[in-house]
file input_19.csv (CSV, C-alpha atoms)
chain,number,residue,atom,x,y,z
A,1,MET,CA,40.2,-34.6,-33.7
A,2,LYS,CA,36.5,-34.4,-34.1
A,3,LYS,CA,35.2,-30.8,-34.5
A,4,PHE,CA,32.8,-29.7,-31.7
A,5,LYS,CA,29.4,-29.2,-33.3
A,6,TRP,CA,28.3,-26.2,-31.2
A,7,ARG,CA,25.5,-25.2,-33.6
A,8,LYS,CA,23.9,-28.6,-33.0
A,9,TYR,CA,23.9,-28.1,-29.3
A,10,ASN,CA,22.8,-24.4,-29.7
A,11,ARG,CA,19.7,-25.5,-31.7
A,12,ALA,CA,18.9,-28.3,-29.2
A,13,ILE,CA,19.1,-25.9,-26.2
A,14,HIS,CA,17.0,-23.2,-28.1
A,15,ARG,CA,14.4,-25.8,-29.1
A,16,ASP,CA,14.0,-27.5,-25.7
A,17,LEU,CA,13.9,-24.3,-23.7
A,18,GLY,CA,11.4,-23.0,-26.2
A,19,TYR,CA,9.2,-26.0,-25.7
A,20,PHE,CA,9.6,-26.1,-21.9
A,21,PHE,CA,8.8,-22.5,-21.4
A,22,VAL,CA,5.9,-22.0,-23.9
A,23,GLY,CA,3.4,-21.9,-20.9
A,24,MET,CA,5.5,-19.3,-19.0
A,25,SER,CA,5.9,-17.2,-22.1
A,26,LEU,CA,2.1,-17.1,-22.6
A,27,VAL,CA,1.5,-16.3,-18.9
A,28,TYR,CA,4.0,-13.4,-18.9
A,29,ALA,CA,3.0,-12.2,-22.4
A,30,LEU,CA,-0.7,-12.1,-21.8
A,31,SER,CA,-0.4,-10.6,-18.3
A,32,GLY,CA,2.2,-8.2,-19.6
A,33,ILE,CA,-0.2,-6.8,-22.2
A,34,ALA,CA,-3.0,-6.8,-19.6
A,35,LEU,CA,-0.9,-4.9,-17.0
A,36,ASN,CA,0.5,-2.5,-19.6
A,37,HIS,CA,-3.1,-1.2,-20.0
A,38,ILE,CA,-4.0,-1.2,-16.3
A,39,ASN,CA,-5.3,2.4,-16.6
A,40,ASP,CA,-7.8,1.4,-19.3
A,41,TRP,CA,-9.3,-1.8,-17.8
A,42,ASN,CA,-9.2,-4.0,-14.8
A,43,PRO,CA,-7.3,-7.1,-16.0
A,44,SER,CA,-8.0,-9.3,-13.0
A,45,PHE,CA,-11.7,-8.5,-12.2
A,46,ILE,CA,-14.9,-7.9,-14.0
A,47,ILE,CA,-16.7,-5.1,-12.1
A,48,THR,CA,-20.3,-4.3,-12.9
A,49,ASN,CA,-22.3,-1.4,-11.5
A,50,LYS,CA,-26.1,-1.0,-11.4
A,51,ILE,CA,-27.9,2.0,-9.9
A,52,ILE,CA,-31.4,1.7,-8.5
A,53,THR,CA,-33.6,4.4,-7.1
A,54,LEU,CA,-35.2,3.5,-3.8
A,55,ASN,CA,-38.7,4.7,-2.6
A,56,GLU,CA,-37.8,4.8,1.1
A,57,VAL,CA,-34.5,4.9,2.8
A,58,PRO,CA,-34.3,4.8,6.6
A,59,SER,CA,-32.0,7.3,8.4
A,60,ALA,CA,-28.4,6.1,8.6
A,61,ASP,CA,-28.4,6.9,12.3
A,62,ASN,CA,-30.4,4.1,13.7
A,63,ILE,CA,-30.5,1.6,10.8
A,64,GLN,CA,-31.1,-2.0,11.8
A,65,ASN,CA,-30.2,-5.3,10.2
A,66,SER,CA,-33.8,-5.9,9.3
A,67,ASP,CA,-33.8,-2.5,7.4
A,68,ILE,CA,-30.7,-3.6,5.5
A,69,ARG,CA,-32.4,-6.9,4.5
A,70,GLU,CA,-35.4,-5.0,3.2
A,71,LEU,CA,-33.2,-2.6,1.3
A,72,LEU,CA,-31.3,-5.5,-0.3
A,73,GLU,CA,-34.5,-7.3,-1.2
A,74,TYR,CA,-35.7,-4.2,-2.9
A,75,CYS,CA,-32.4,-4.0,-4.8
A,76,GLY,CA,-33.0,-7.6,-6.1
A,77,GLU,CA,-30.4,-9.1,-3.8
A,78,ASN,CA,-31.4,-12.0,-1.6
A,79,GLY,CA,-31.2,-10.0,1.6
A,80,ARG,CA,-28.1,-11.9,2.8
A,81,PHE,CA,-25.2,-9.7,3.7
A,82,LYS,CA,-21.9,-9.8,5.6
A,83,LYS,CA,-21.9,-6.5,7.3
A,84,PHE,CA,-22.8,-2.8,6.8
A,85,TYR,CA,-21.3,0.4,8.0
A,86,ILE,CA,-21.8,4.1,7.7
A,87,PRO,CA,-18.8,5.8,5.9
A,88,SER,CA,-20.4,9.2,6.1
A,89,ASP,CA,-23.6,10.9,7.1
A,90,SER,CA,-25.4,10.2,3.9
A,91,LEU,CA,-23.9,6.8,2.9
A,92,ILE,CA,-24.6,3.3,4.0
A,93,LYS,CA,-22.2,0.6,2.7
A,94,ILE,CA,-23.5,-3.0,2.7
A,95,PHE,CA,-21.1,-5.8,2.0
A,96,ILE,CA,-22.8,-8.7,0.1
A,97,GLU,CA,-21.4,-11.8,-1.4
A,98,GLN,CA,-19.0,-10.8,-4.2
A,99,GLY,CA,-19.8,-7.1,-4.0
A,100,THR,CA,-21.2,-4.1,-2.2
A,101,VAL,CA,-24.4,-2.0,-2.2
A,102,THR,CA,-23.8,1.6,-1.4
A,103,ILE,CA,-26.9,3.7,-0.6
A,104,ASN,CA,-26.9,7.4,-0.7
A,105,THR,CA,-29.6,8.4,1.8
A,106,LYS,CA,-29.9,11.9,0.3
A,107,THR,CA,-30.4,10.9,-3.3
A,108,LYS,CA,-32.0,7.6,-2.4
A,109,GLN,CA,-29.8,5.9,-5.0
A,110,ALA,CA,-28.3,2.4,-4.4
A,111,THR,CA,-25.2,1.5,-6.3
A,112,ILE,CA,-24.8,-2.3,-6.6
A,113,GLU,CA,-21.3,-3.2,-7.4
A,114,LYS,CA,-20.5,-6.8,-8.3
A,115,ILE,CA,-17.0,-8.1,-8.6
A,116,GLN,CA,-15.9,-11.4,-10.2
A,117,ARG,CA,-12.6,-12.8,-11.3
A,118,ARG,CA,-11.8,-12.5,-14.9
A,119,PRO,CA,-11.3,-16.0,-16.3
A,120,LEU,CA,-7.7,-16.8,-17.2
A,121,PHE,CA,-6.4,-13.3,-16.8
A,122,HIS,CA,-6.9,-13.3,-13.0
A,123,ALA,CA,-4.7,-16.4,-12.7
A,124,PHE,CA,-2.1,-15.0,-15.1
A,125,ASN,CA,-1.9,-11.6,-13.3
A,126,TYR,CA,-1.8,-13.3,-10.0
A,127,LEU,CA,1.3,-15.2,-11.1
A,128,HIS,CA,2.8,-12.1,-12.7
A,129,TYR,CA,2.9,-10.5,-9.2
A,130,ASN,CA,5.1,-13.3,-7.9
A,131,PRO,CA,2.8,-15.1,-5.4
A,132,GLY,CA,5.4,-17.2,-3.7
A,133,LYS,CA,9.1,-18.1,-3.3
A,134,ILE,CA,8.8,-21.2,-5.5
A,135,TRP,CA,7.2,-19.2,-8.2
A,136,THR,CA,10.0,-16.5,-7.9
A,137,PHE,CA,12.6,-19.2,-8.3
A,138,PHE,CA,10.9,-20.7,-11.3
A,139,SER,CA,10.3,-17.3,-12.9
A,140,ASP,CA,14.0,-16.4,-12.3
A,141,PHE,CA,14.9,-19.7,-14.1
A,142,TYR,CA,12.6,-18.6,-16.9
A,143,ALA,CA,14.2,-15.1,-17.1
A,144,ALA,CA,17.7,-16.6,-17.2
A,145,SER,CA,16.4,-19.0,-19.9
A,146,LEU,CA,15.1,-16.1,-21.9
A,147,ILE,CA,18.6,-14.7,-22.0
A,148,ILE,CA,19.9,-18.1,-23.3
A,149,LEU,CA,17.0,-18.2,-25.8
A,150,ALA,CA,17.7,-14.7,-27.1
A,151,ILE,CA,21.4,-15.4,-27.6
A,152,SER,CA,21.1,-18.9,-28.9
A,153,GLY,CA,18.4,-17.6,-31.4
A,154,LEU,CA,21.0,-15.3,-33.0
A,155,PHE,CA,23.0,-18.3,-34.1
A,156,ILE,CA,20.4,-20.8,-35.3
A,157,LEU,CA,20.8,-20.0,-39.0
A,158,GLN,CA,23.9,-19.6,-41.1
A,159,GLY,CA,24.4,-17.6,-44.2
A,160,LYS,CA,22.7,-14.3,-45.3
A,161,ASN,CA,19.5,-15.1,-43.2
A,162,GLY,CA,21.7,-15.6,-40.1
A,163,ILE,CA,23.5,-13.2,-37.9
A,164,LYS,CA,25.9,-12.2,-40.7
A,165,TRP,CA,23.2,-10.2,-42.5
A,166,ARG,CA,19.5,-10.3,-41.7
A,167,GLY,CA,20.1,-11.2,-38.0
A,168,THR,CA,22.4,-8.2,-37.5
A,169,ILE,CA,20.0,-5.8,-39.2
A,170,LEU,CA,16.9,-6.9,-37.4
A,171,ALA,CA,18.6,-7.3,-34.0
A,172,GLY,CA,20.2,-3.9,-34.5
A,173,LEU,CA,16.9,-2.3,-35.4
A,174,GLY,CA,15.3,-3.8,-32.2
A,175,ILE,CA,18.1,-2.5,-30.0
A,176,ALA,CA,18.0,0.9,-31.8
A,177,ILE,CA,14.3,1.3,-31.0
A,178,ILE,CA,15.0,0.6,-27.3
A,179,ILE,CA,17.7,3.3,-27.3
A,180,VAL,CA,15.6,5.8,-29.1
A,181,LEU,CA,12.6,5.2,-26.7
A,182,LEU,CA,14.9,5.4,-23.7
A,183,PHE,CA,16.3,8.7,-25.0
A,184,LEU,CA,12.8,10.0,-25.7
A,185,SER,CA,11.6,9.1,-22.2
A,186,HIS,CA,13.9,11.6,-20.8
A,187,TYR,CA,11.9,14.2,-22.6
A,188,SER,CA,8.6,12.6,-21.5
A,189,PHE,CA,6.4,10.0,-23.2
A,190,THR,CA,3.0,10.9,-24.4
B,1,MET,CA,-5.1,-54.3,-1.5
B,2,LYS,CA,-6.5,-51.7,-3.7
B,3,MET,CA,-9.5,-51.2,-1.3
B,4,LYS,CA,-7.0,-50.7,1.6
B,5,LYS,CA,-5.2,-48.1,-0.3
B,6,MET,CA,-8.4,-46.3,-1.1
B,7,ILE,CA,-9.6,-46.3,2.6
B,8,PHE,CA,-6.2,-45.0,3.7
B,9,ALA,CA,-6.4,-42.2,1.1
B,10,VAL,CA,-9.9,-41.3,2.2
B,11,VAL,CA,-8.9,-41.2,5.9
B,12,MET,CA,-5.8,-39.1,5.2
B,13,LEU,CA,-7.9,-36.7,3.1
B,14,SER,CA,-10.6,-36.4,5.8
B,15,LEU,CA,-7.9,-35.7,8.4
B,16,LEU,CA,-6.4,-33.0,6.1
B,17,ILE,CA,-9.7,-31.3,5.5
B,18,GLY,CA,-10.5,-31.6,9.2
B,19,CYS,CA,-7.2,-29.9,10.1
B,20,SER,CA,-7.6,-27.1,7.6
B,21,ASN,CA,-11.2,-26.4,8.7
B,22,GLN,CA,-10.0,-26.3,12.3
B,23,GLN,CA,-7.4,-23.7,11.4
B,24,LYS,CA,-10.0,-21.5,9.7
B,25,GLN,CA,-12.3,-21.5,12.7
B,26,GLU,CA,-9.6,-20.7,15.2
B,27,THR,CA,-9.8,-17.1,16.2
B,28,PRO,CA,-6.6,-15.4,17.3
B,29,SER,CA,-6.4,-13.3,20.5
B,30,ILE,CA,-7.2,-9.7,19.8
B,31,THR,CA,-4.8,-7.2,21.2
B,32,PHE,CA,-5.7,-4.0,19.3
B,33,GLU,CA,-9.1,-2.6,18.2
B,34,LEU,CA,-9.3,0.0,15.5
B,35,SER,CA,-11.0,2.3,17.9
B,36,GLN,CA,-7.9,2.3,20.0
B,37,LEU,CA,-5.7,3.2,17.1
B,38,GLU,CA,-5.3,7.0,17.4
B,39,GLU,CA,-4.6,6.8,21.1
B,40,MET,CA,-2.3,3.8,21.1
B,41,ALA,CA,-0.5,4.0,17.8
B,42,PRO,CA,2.4,6.3,18.8
B,43,GLN,CA,3.5,3.8,21.4
B,44,PHE,CA,3.5,0.9,19.0
B,45,VAL,CA,5.3,2.3,15.9
B,46,GLY,CA,7.8,-0.2,14.7
B,47,LYS,CA,6.3,-3.0,16.8
B,48,GLU,CA,4.4,-6.0,16.0
B,49,ILE,CA,0.7,-5.7,16.7
B,50,VAL,CA,-2.5,-7.7,16.1
B,51,LEU,CA,-5.4,-5.7,14.7
B,52,LYS,CA,-9.0,-6.6,14.1
B,53,GLY,CA,-11.2,-4.8,11.6
B,54,THR,CA,-13.7,-5.1,8.8
B,55,ILE,CA,-12.2,-5.1,5.3
B,56,ASP,CA,-13.6,-2.1,3.6
B,57,HIS,CA,-11.6,-2.2,0.4
B,58,VAL,CA,-9.0,-4.2,-1.3
B,59,CYS,CA,-7.0,-2.6,-4.1
B,60,GLU,CA,-8.0,-4.5,-7.2
B,61,HIS,CA,-4.8,-3.9,-9.1
B,62,GLY,CA,-2.5,-6.6,-7.6
B,63,GLY,CA,-4.0,-6.8,-4.1
B,64,ALA,CA,-1.1,-5.1,-2.6
B,65,ARG,CA,-3.1,-3.0,-0.1
B,66,MET,CA,-6.3,-3.3,1.8
B,67,PHE,CA,-8.2,-1.0,4.2
B,68,LEU,CA,-9.7,-2.0,7.5
B,69,VAL,CA,-12.5,0.0,9.2
B,70,GLY,CA,-13.9,-0.1,12.7
B,71,LYS,CA,-17.2,1.2,13.9
B,72,THR,CA,-16.8,4.8,12.8
B,73,PRO,CA,-15.5,6.3,9.5
B,74,SER,CA,-12.4,7.7,11.3
B,75,GLU,CA,-11.4,4.2,12.4
B,76,ARG,CA,-9.6,3.3,9.2
B,77,ILE,CA,-6.1,1.9,8.5
B,78,ARG,CA,-4.2,0.8,5.5
B,79,ILE,CA,-2.7,-2.7,5.5
B,80,ASP,CA,0.2,-3.3,3.1
B,81,ALA,CA,0.7,-6.9,1.9
B,82,GLY,CA,3.9,-8.5,3.1
B,83,GLU,CA,6.3,-10.4,1.0
B,84,ASP,CA,4.7,-13.0,-1.4
B,85,MET,CA,1.2,-11.8,-0.3
B,86,GLN,CA,-1.8,-10.7,-2.3
B,87,PHE,CA,-5.1,-9.6,-0.8
B,88,ASP,CA,-8.3,-10.6,-2.5
B,89,PRO,CA,-11.2,-8.2,-3.3
B,90,ALA,CA,-13.7,-11.0,-2.5
B,91,TRP,CA,-12.7,-10.5,1.2
B,92,GLU,CA,-14.5,-7.1,1.3
B,93,GLY,CA,-16.9,-7.1,4.2
B,94,ASN,CA,-15.1,-9.9,6.0
B,95,THR,CA,-13.4,-9.6,9.4
B,96,ALA,CA,-9.6,-9.6,9.3
B,97,TYR,CA,-7.2,-10.3,12.0
B,98,VAL,CA,-3.9,-8.8,10.9
B,99,THR,CA,-0.5,-9.4,12.5
B,100,GLY,CA,2.0,-6.9,11.3
B,101,ILE,CA,4.4,-4.1,12.0
B,102,LEU,CA,2.8,-0.7,12.7
B,103,GLU,CA,4.4,2.0,10.5
B,104,GLU,CA,4.0,5.8,10.6
B,105,LEU,CA,4.3,8.1,7.7
B,106,ARG,CA,4.8,11.7,8.8
B,107,ILE,CA,3.8,14.3,6.2
B,108,ASP,CA,5.0,17.8,6.6
B,109,SER,CA,5.0,20.7,4.1
B,110,ALA,CA,8.4,19.6,2.6
B,111,TYR,CA,6.9,16.2,1.9
B,112,LEU,CA,3.9,17.8,0.3
B,113,ASP,CA,6.1,20.0,-1.9
B,114,LYS,CA,8.1,17.0,-3.0
B,115,TRP,CA,4.9,15.0,-3.8
B,116,GLU,CA,3.5,18.0,-5.8
B,117,GLN,CA,6.7,18.2,-7.8
B,118,GLU,CA,6.5,14.5,-8.6
B,119,VAL,CA,2.8,14.7,-9.6
B,120,ARG,CA,3.6,17.6,-12.0
B,121,ALA,CA,6.7,15.9,-13.4
B,122,ASN,CA,4.9,12.5,-13.9
B,123,LYS,CA,1.9,14.0,-15.6
B,124,GLY,CA,-0.5,11.2,-14.7
B,125,GLY,CA,1.9,8.5,-13.6
B,126,GLU,CA,1.9,7.5,-10.0
B,127,ALA,CA,4.0,9.7,-7.8
B,128,ALA,CA,6.4,7.9,-5.4
B,129,SER,CA,5.2,10.0,-2.5
B,130,LYS,CA,1.5,9.4,-3.1
B,131,VAL,CA,-0.5,8.5,0.1
B,132,HIS,CA,-2.8,5.7,-0.7
B,133,THR,CA,-6.1,6.2,1.2
B,134,GLY,CA,-8.3,3.7,-0.7
B,135,GLU,CA,-11.3,6.1,-0.8
B,136,GLU,CA,-14.5,5.1,-2.6
B,137,GLY,CA,-14.0,4.8,-6.3
B,138,HIS,CA,-10.3,5.7,-6.2
B,139,GLU,CA,-9.4,3.1,-8.9
B,140,LYS,CA,-11.4,5.1,-11.5
B,141,THR,CA,-9.7,8.4,-10.7
B,142,GLU,CA,-6.2,7.1,-10.0
B,143,ASN,CA,-3.3,8.8,-11.8
B,144,ASN,CA,-5.4,11.8,-12.4
B,145,MET,CA,-3.2,14.9,-11.8
B,146,GLU,CA,-6.1,17.2,-10.8
B,147,ASN,CA,-7.3,14.7,-8.1
B,148,GLU,CA,-3.9,14.2,-6.7
B,149,LEU,CA,-3.2,17.9,-6.6
B,150,GLN,CA,-6.5,18.3,-4.8
B,151,GLN,CA,-5.5,15.6,-2.3
B,152,ILE,CA,-2.2,17.5,-1.6
B,153,ALA,CA,-4.1,20.8,-1.2
B,154,ASP,CA,-6.5,19.1,1.3
B,155,TYR,CA,-3.5,17.8,3.3
B,156,ARG,CA,-2.0,21.3,3.3
B,157,THR,CA,-5.2,22.6,4.8
B,158,ALA,CA,-5.4,19.7,7.4
B,159,LEU,CA,-1.8,20.4,8.3
B,160,TYR,CA,-2.5,24.1,8.8
B,161,ASP,CA,-5.6,23.3,10.8
B,162,SER,CA,-3.8,20.8,13.0
B,163,GLY,CA,-1.4,23.4,14.3
B,164,LYS,CA,1.3,20.7,14.2
B,165,ASP,CA,4.4,20.4,12.0
B,166,TYR,CA,3.3,17.1,10.5
B,167,LEU,CA,0.3,14.8,9.9
B,168,SER,CA,0.7,11.2,10.9
B,169,PHE,CA,-0.6,8.4,8.7
B,170,TYR,CA,-0.5,4.9,10.3
B,171,SER,CA,-0.4,1.7,8.3
B,172,VAL,CA,0.5,-1.9,9.0
B,173,ARG,CA,3.0,-4.0,7.1
B,174,CYS,CA,1.3,-7.4,7.2
B,175,LEU,CA,3.2,-10.4,8.3
B,176,LYS,CA,0.2,-12.8,8.5
B,177,TYR,CA,-3.5,-12.6,8.5
B,178,GLN,CA,-6.7,-14.5,9.1
B,179,ILE,CA,-9.9,-13.8,7.3
B,180,VAL,CA,-13.3,-14.7,8.8
B,181,GLU,CA,-16.3,-14.6,6.5
B,182,GLU,CA,-19.6,-14.1,8.4
B,183,PHE,CA,-23.0,-13.5,7.0
B,184,ASP,CA,-25.9,-11.8,8.8
B,185,SER,CA,-28.1,-14.3,10.5
B,186,GLU,CA,-31.7,-13.2,11.3
B,187,LYS,CA,-31.8,-15.1,14.5
B,188,GLU,CA,-28.5,-13.9,15.9
B,189,ASN,CA,-28.8,-10.2,15.1
B,190,ASP,CA,-32.5,-9.3,15.6
call {"tool": "encode", "arguments": {"input": "input_19.csv", "output": "structure tokens"}}
result
Amino acid sequence: MKKFKWRKYNRAIHRDLGYFFVGMSLVYALSGIALNHINDWNPSFIITNKIITLNEVPSADNIQNSDIRELLEYCGENGRFKKFYIPSDSLIKIFIEQGTVTINTKTKQATIEKIQRRPLFHAFNYLHYNPGKIWTFFSDFYAASLIILAISGLFILQGKNGIKWRGTILAGLGIAIIIVLLFLSHYSFT
Amino acid sequence: MKMKKMIFAVVMLSLLIGCSNQQKQETPSITFELSQLEEMAPQFVGKEIVLKGTIDHVCEHGGARMFLVGKTPSERIRIDAGEDMQFDPAWEGNTAYVTGILEELRIDSAYLDKWEQEVRANKGGEAASKVHTGEEGHEKTENNMENELQQIADYRTALYDSGKDYLSFYSVRCLKYQIVEEFDSEKEND
């Protein structure tokens, strides 16, 4: 009886899943790093702020559309706006294309905030947040495949560089780090 | 033959574009203005409503929340994205017609005690009980313990001043939405 060559199939599965999911791995790896540092930067949008001091600011009480257009032109915007509203006595918030202009009527300062999508990362982060059922299905398939990739990877090589020696040490080290970090998290991470 | 196929493709594409444009221009019937919120909300908790408002802010991290405003600063409500939904910061200043379930969060002193405990235990992480208000510049001060403790202290004062046992915070769990982008037109508004 011919011996079942399971290592051959193991390698083939590992290889093909690796090829097939290289795109997904990059999406989740890059967005994962980006989202890990969400407190340090905005991974999806580039936000710029510019402050301009205005000479004259009309009172927020009876401000008209024509006043808003004049203010925007002074700020270097084209005067075209979506809407404006008065969030508080001393603030006028104007919504322009891809941003806002907030005018403090007391300090006469206008803060122009522009927002634009960060190339590549915006798309990757969008996908990371599961935008639809088909994506959820595909990413579940990817997650299940990662389990197969992880386990099949243990048995690719034979001998001392395989699971019998090097594999056990490195895999054990990786798992030990997880356990240690989990243990430490109970006493608070810094 | 090739020409016929091309004509057919162009006609189908035109129909498709025509249909999608038609969908965008269609305005749903409005049943609820933000100015009516405070008065009407208690009767509609747990029910499906249609709400119209200006998008003041969309949370840039993941687009899970947006805030609609009416004509005055007090007319403000949080909209939570439904399943497989992400809001886009580029919508700020646009008019939104949101269909969703009106939800009420009641905050009493026990809730505030729990929230405060979470903030102190998390040391900068987001507390589960945190009330998201989407105030100006909140992304820059998020997960700041001092700010969150100040927010809790403000709610304690508001609770005391209200003379009631709890403060009500209304929000809408979005089921579907329509976004209408309108720019100021000199002829129409002046």
call {"tool": "atom_distance", "arguments": {"input": "input_19.csv", "atom1": "atom CA of Gly93 of chain B", "atom2": "atom CA of Leu91 of chain A"}}
result
15.6 Å
call {"tool": "closest_residue", "arguments": {"input": "input_19.csv", "among": "A:Phe81, A:Phe20, A:Phe183, A:Phe137", "to": "Asn65 of chain A", "atoms": "all atoms listed in the file"}}
result
A:Phe81
call {"tool": "interface_residues", "arguments": {"input": "input_19.csv", "of": "chain A", "to": "chain B", "cutoff": "9 Å", "atoms": "all atoms listed in the file", "output": "CSV table (one decimal) with C-alpha atoms, keeping the file's coordinate frame"}}
result
chain,number,residue,atom,x,y,z
A,35,LEU,CA,-0.9,-4.9,-17.0
A,38,ILE,CA,-4.0,-1.2,-16.3
A,39,ASN,CA,-5.3,2.4,-16.6
A,42,ASN,CA,-9.2,-4.0,-14.8
A,43,PRO,CA,-7.3,-7.1,-16.0
A,44,SER,CA,-8.0,-9.3,-13.0
A,45,PHE,CA,-11.7,-8.5,-12.2
A,64,GLN,CA,-31.1,-2.0,11.8
A,65,ASN,CA,-30.2,-5.3,10.2
A,66,SER,CA,-33.8,-5.9,9.3
A,80,ARG,CA,-28.1,-11.9,2.8
A,81,PHE,CA,-25.2,-9.7,3.7
A,82,LYS,CA,-21.9,-9.8,5.6
A,83,LYS,CA,-21.9,-6.5,7.3
A,84,PHE,CA,-22.8,-2.8,6.8
A,85,TYR,CA,-21.3,0.4,8.0
A,86,ILE,CA,-21.8,4.1,7.7
A,87,PRO,CA,-18.8,5.8,5.9
A,88,SER,CA,-20.4,9.2,6.1
A,94,ILE,CA,-23.5,-3.0,2.7
A,95,PHE,CA,-21.1,-5.8,2.0
A,96,ILE,CA,-22.8,-8.7,0.1
A,97,GLU,CA,-21.4,-11.8,-1.4
A,98,GLN,CA,-19.0,-10.8,-4.2
A,99,GLY,CA,-19.8,-7.1,-4.0
A,100,THR,CA,-21.2,-4.1,-2.2
A,115,ILE,CA,-17.0,-8.1,-8.6
A,116,GLN,CA,-15.9,-11.4,-10.2
A,125,ASN,CA,-1.9,-11.6,-13.3
A,126,TYR,CA,-1.8,-13.3,-10.0
A,129,TYR,CA,2.9,-10.5,-9.2
A,130,ASN,CA,5.1,-13.3,-7.9
A,131,PRO,CA,2.8,-15.1,-5.4
A,132,GLY,CA,5.4,-17.2,-3.7
A,133,LYS,CA,9.1,-18.1,-3.3
A,188,SER,CA,8.6,12.6,-21.5
call {"tool": "residues_around", "arguments": {"input": "input_19.csv", "residues": "segment 2-12 of chain A", "least_positions_apart": "5", "cutoff": "12 Å", "atoms": "all atoms listed in the file", "output": "ChimeraX atom specification"}}
result
/A:17-19,148-158
call {"tool": "write_last_selection", "arguments": {"input": "input_19.csv", "atoms": "C-alpha atoms", "output": "tab-separated table (two decimals), in the coordinates of the input"}}
result
chain	number	residue	atom	x	y	z
A	17	LEU	CA	13.90	-24.30	-23.70
A	18	GLY	CA	11.40	-23.00	-26.20
A	19	TYR	CA	9.20	-26.00	-25.70
A	148	ILE	CA	19.90	-18.10	-23.30
A	149	LEU	CA	17.00	-18.20	-25.80
A	150	ALA	CA	17.70	-14.70	-27.10
A	151	ILE	CA	21.40	-15.40	-27.60
A	152	SER	CA	21.10	-18.90	-28.90
A	153	GLY	CA	18.40	-17.60	-31.40
A	154	LEU	CA	21.00	-15.30	-33.00
A	155	PHE	CA	23.00	-18.30	-34.10
A	156	ILE	CA	20.40	-20.80	-35.30
A	157	LEU	CA	20.80	-20.00	-39.00
A	158	GLN	CA	23.90	-19.60	-41.10
call {"tool": "residues_around", "arguments": {"input": "input_19.csv", "residues": "segment 161-172 of chain B", "least_positions_apart": "2", "cutoff": "12 Å", "atoms": "only C-alpha atoms", "output": "PyMOL selection string"}}
result
chain B and resi 34+37-52+65-68+75-82+97-112+131-133+154-159+174-177
call {"tool": "write_last_selection", "arguments": {"input": "input_19.csv", "atoms": "C-alpha atoms", "output": "mmCIF file, keeping the file's coordinate frame"}}
result
data_model
loop_
_atom_site.group_PDB
_atom_site.id
_atom_site.type_symbol
_atom_site.label_atom_id
_atom_site.label_comp_id
_atom_site.auth_asym_id
_atom_site.auth_seq_id
_atom_site.Cartn_x
_atom_site.Cartn_y
_atom_site.Cartn_z
ATOM 1 C CA LEU B 34 -9.300 0.000 15.500
ATOM 2 C CA LEU B 37 -5.700 3.200 17.100
ATOM 3 C CA GLU B 38 -5.300 7.000 17.400
ATOM 4 C CA GLU B 39 -4.600 6.800 21.100
ATOM 5 C CA MET B 40 -2.300 3.800 21.100
ATOM 6 C CA ALA B 41 -0.500 4.000 17.800
ATOM 7 C CA PRO B 42 2.400 6.300 18.800
ATOM 8 C CA GLN B 43 3.500 3.800 21.400
ATOM 9 C CA PHE B 44 3.500 0.900 19.000
ATOM 10 C CA VAL B 45 5.300 2.300 15.900
ATOM 11 C CA GLY B 46 7.800 -0.200 14.700
ATOM 12 C CA LYS B 47 6.300 -3.000 16.800
ATOM 13 C CA GLU B 48 4.400 -6.000 16.000
ATOM 14 C CA ILE B 49 0.700 -5.700 16.700
ATOM 15 C CA VAL B 50 -2.500 -7.700 16.100
ATOM 16 C CA LEU B 51 -5.400 -5.700 14.700
ATOM 17 C CA LYS B 52 -9.000 -6.600 14.100
ATOM 18 C CA ARG B 65 -3.100 -3.000 -0.100
ATOM 19 C CA MET B 66 -6.300 -3.300 1.800
ATOM 20 C CA PHE B 67 -8.200 -1.000 4.200
ATOM 21 C CA LEU B 68 -9.700 -2.000 7.500
ATOM 22 C CA GLU B 75 -11.400 4.200 12.400
ATOM 23 C CA ARG B 76 -9.600 3.300 9.200
ATOM 24 C CA ILE B 77 -6.100 1.900 8.500
ATOM 25 C CA ARG B 78 -4.200 0.800 5.500
ATOM 26 C CA ILE B 79 -2.700 -2.700 5.500
ATOM 27 C CA ASP B 80 0.200 -3.300 3.100
ATOM 28 C CA ALA B 81 0.700 -6.900 1.900
ATOM 29 C CA GLY B 82 3.900 -8.500 3.100
ATOM 30 C CA TYR B 97 -7.200 -10.300 12.000
ATOM 31 C CA VAL B 98 -3.900 -8.800 10.900
ATOM 32 C CA THR B 99 -0.500 -9.400 12.500
ATOM 33 C CA GLY B 100 2.000 -6.900 11.300
ATOM 34 C CA ILE B 101 4.400 -4.100 12.000
ATOM 35 C CA LEU B 102 2.800 -0.700 12.700
ATOM 36 C CA GLU B 103 4.400 2.000 10.500
ATOM 37 C CA GLU B 104 4.000 5.800 10.600
ATOM 38 C CA LEU B 105 4.300 8.100 7.700
ATOM 39 C CA ARG B 106 4.800 11.700 8.800
ATOM 40 C CA ILE B 107 3.800 14.300 6.200
ATOM 41 C CA ASP B 108 5.000 17.800 6.600
ATOM 42 C CA SER B 109 5.000 20.700 4.100
ATOM 43 C CA ALA B 110 8.400 19.600 2.600
ATOM 44 C CA TYR B 111 6.900 16.200 1.900
ATOM 45 C CA LEU B 112 3.900 17.800 0.300
ATOM 46 C CA VAL B 131 -0.500 8.500 0.100
ATOM 47 C CA HIS B 132 -2.800 5.700 -0.700
ATOM 48 C CA THR B 133 -6.100 6.200 1.200
ATOM 49 C CA ASP B 154 -6.500 19.100 1.300
ATOM 50 C CA TYR B 155 -3.500 17.800 3.300
ATOM 51 C CA ARG B 156 -2.000 21.300 3.300
ATOM 52 C CA THR B 157 -5.200 22.600 4.800
ATOM 53 C CA ALA B 158 -5.400 19.700 7.400
ATOM 54 C CA LEU B 159 -1.800 20.400 8.300
ATOM 55 C CA CYS B 174 1.300 -7.400 7.200
ATOM 56 C CA LEU B 175 3.200 -10.400 8.300
ATOM 57 C CA LYS B 176 0.200 -12.800 8.500
ATOM 58 C CA TYR B 177 -3.500 -12.600 8.500
#
